Amino acid sequence: MDSHARVDYPQFNEIAPGVGAALRALAQAVVDSGLEKTLTELIKVRASQLNGCAFCVQYHLNAARRLGVDARKLDLAAVWRDAGVFDARERAALAWTETLTRLDGADGAPDADYERMRAHFSTAEAVNLTAAIANINAWNRIAVGLRFTPPAPA
């Protein structure tokens, strides 16, 4: 695969400022909801890994590090089920992230997956977590499609 940017992040923001602003507004709405920023950065890293988005993986690793997310969690996000370093709430959020990121055809988002997540999140938290997952998936598709160059590690 050719690794050069088709349109880089700064250029994207110049060309489509309203799109970037809308996605950043959605992210801010999730922040304003009170959902833990450390948790949302973890799910953004995991969705970005699943989607193969180098830009977003690096961007959200940088953000997570600035927030003080445990390095072991960042190192093991790809294998979170077997890592033993994630609490029940984080595991529920990561599982819901995988469900919504993979959306397996006719199964969509099975009730069992939703109920497992809801055991750890209020209705409002579940809605905001779902919005955060949708948002990072939108960013991943933009960044992968336009081949944004990953930012420097923090």
# chains A, B, ... in the order shown; residues from 1 in each chain; ligands from 1
>>> select_by_dssp(residues="chain A", states="alpha helix (DSSP H)", output="ChimeraX atom specification")
/A:9-15,17-33,37-51,54-67,71-75,80-83,88-102,111-118,123-146
>>> residues_around(residues="Ala78 (chain A)", least_positions_apart="6", cutoff="10 Å", atoms="only C-alpha atoms", output="PyMOL selection string")
chain A and resi 45-47+49-50+94
>>> residues_around(residues="Asp70 (chain A)", least_positions_apart="2", cutoff="12 Å", atoms="only C-alpha atoms", output="number ranges by chain")
A: 38-39, 41-42, 61, 64-68, 72-77, 85-86
>>> atom_distance(atom1="CA of Ser122 (chain A)", atom2="CA of Trp80 (chain A)")
22.5 Å
>>> closest_residue(among="A:Arg118, A:Arg24, A:Lys37, A:Arg147", to="Cys53 (chain A)", atoms="only C-alpha atoms")
A:Arg147
>>> atom_distance(atom1="CA of Leu146 (chain A)", atom2="CA of Ala16 (chain A)")
12.6 Å
>>> closest_residue(among="A:Asn51, A:Gln58, A:Asn135, A:Thr130", to="Thr149 (chain A)", atoms="only C-alpha atoms")
A:Gln58
>>> closest_residue(among="A:Ala152, A:Ala106, A:Leu23, A:Val69", to="Ile136 (chain A)", atoms="only C-alpha atoms")
A:Leu23
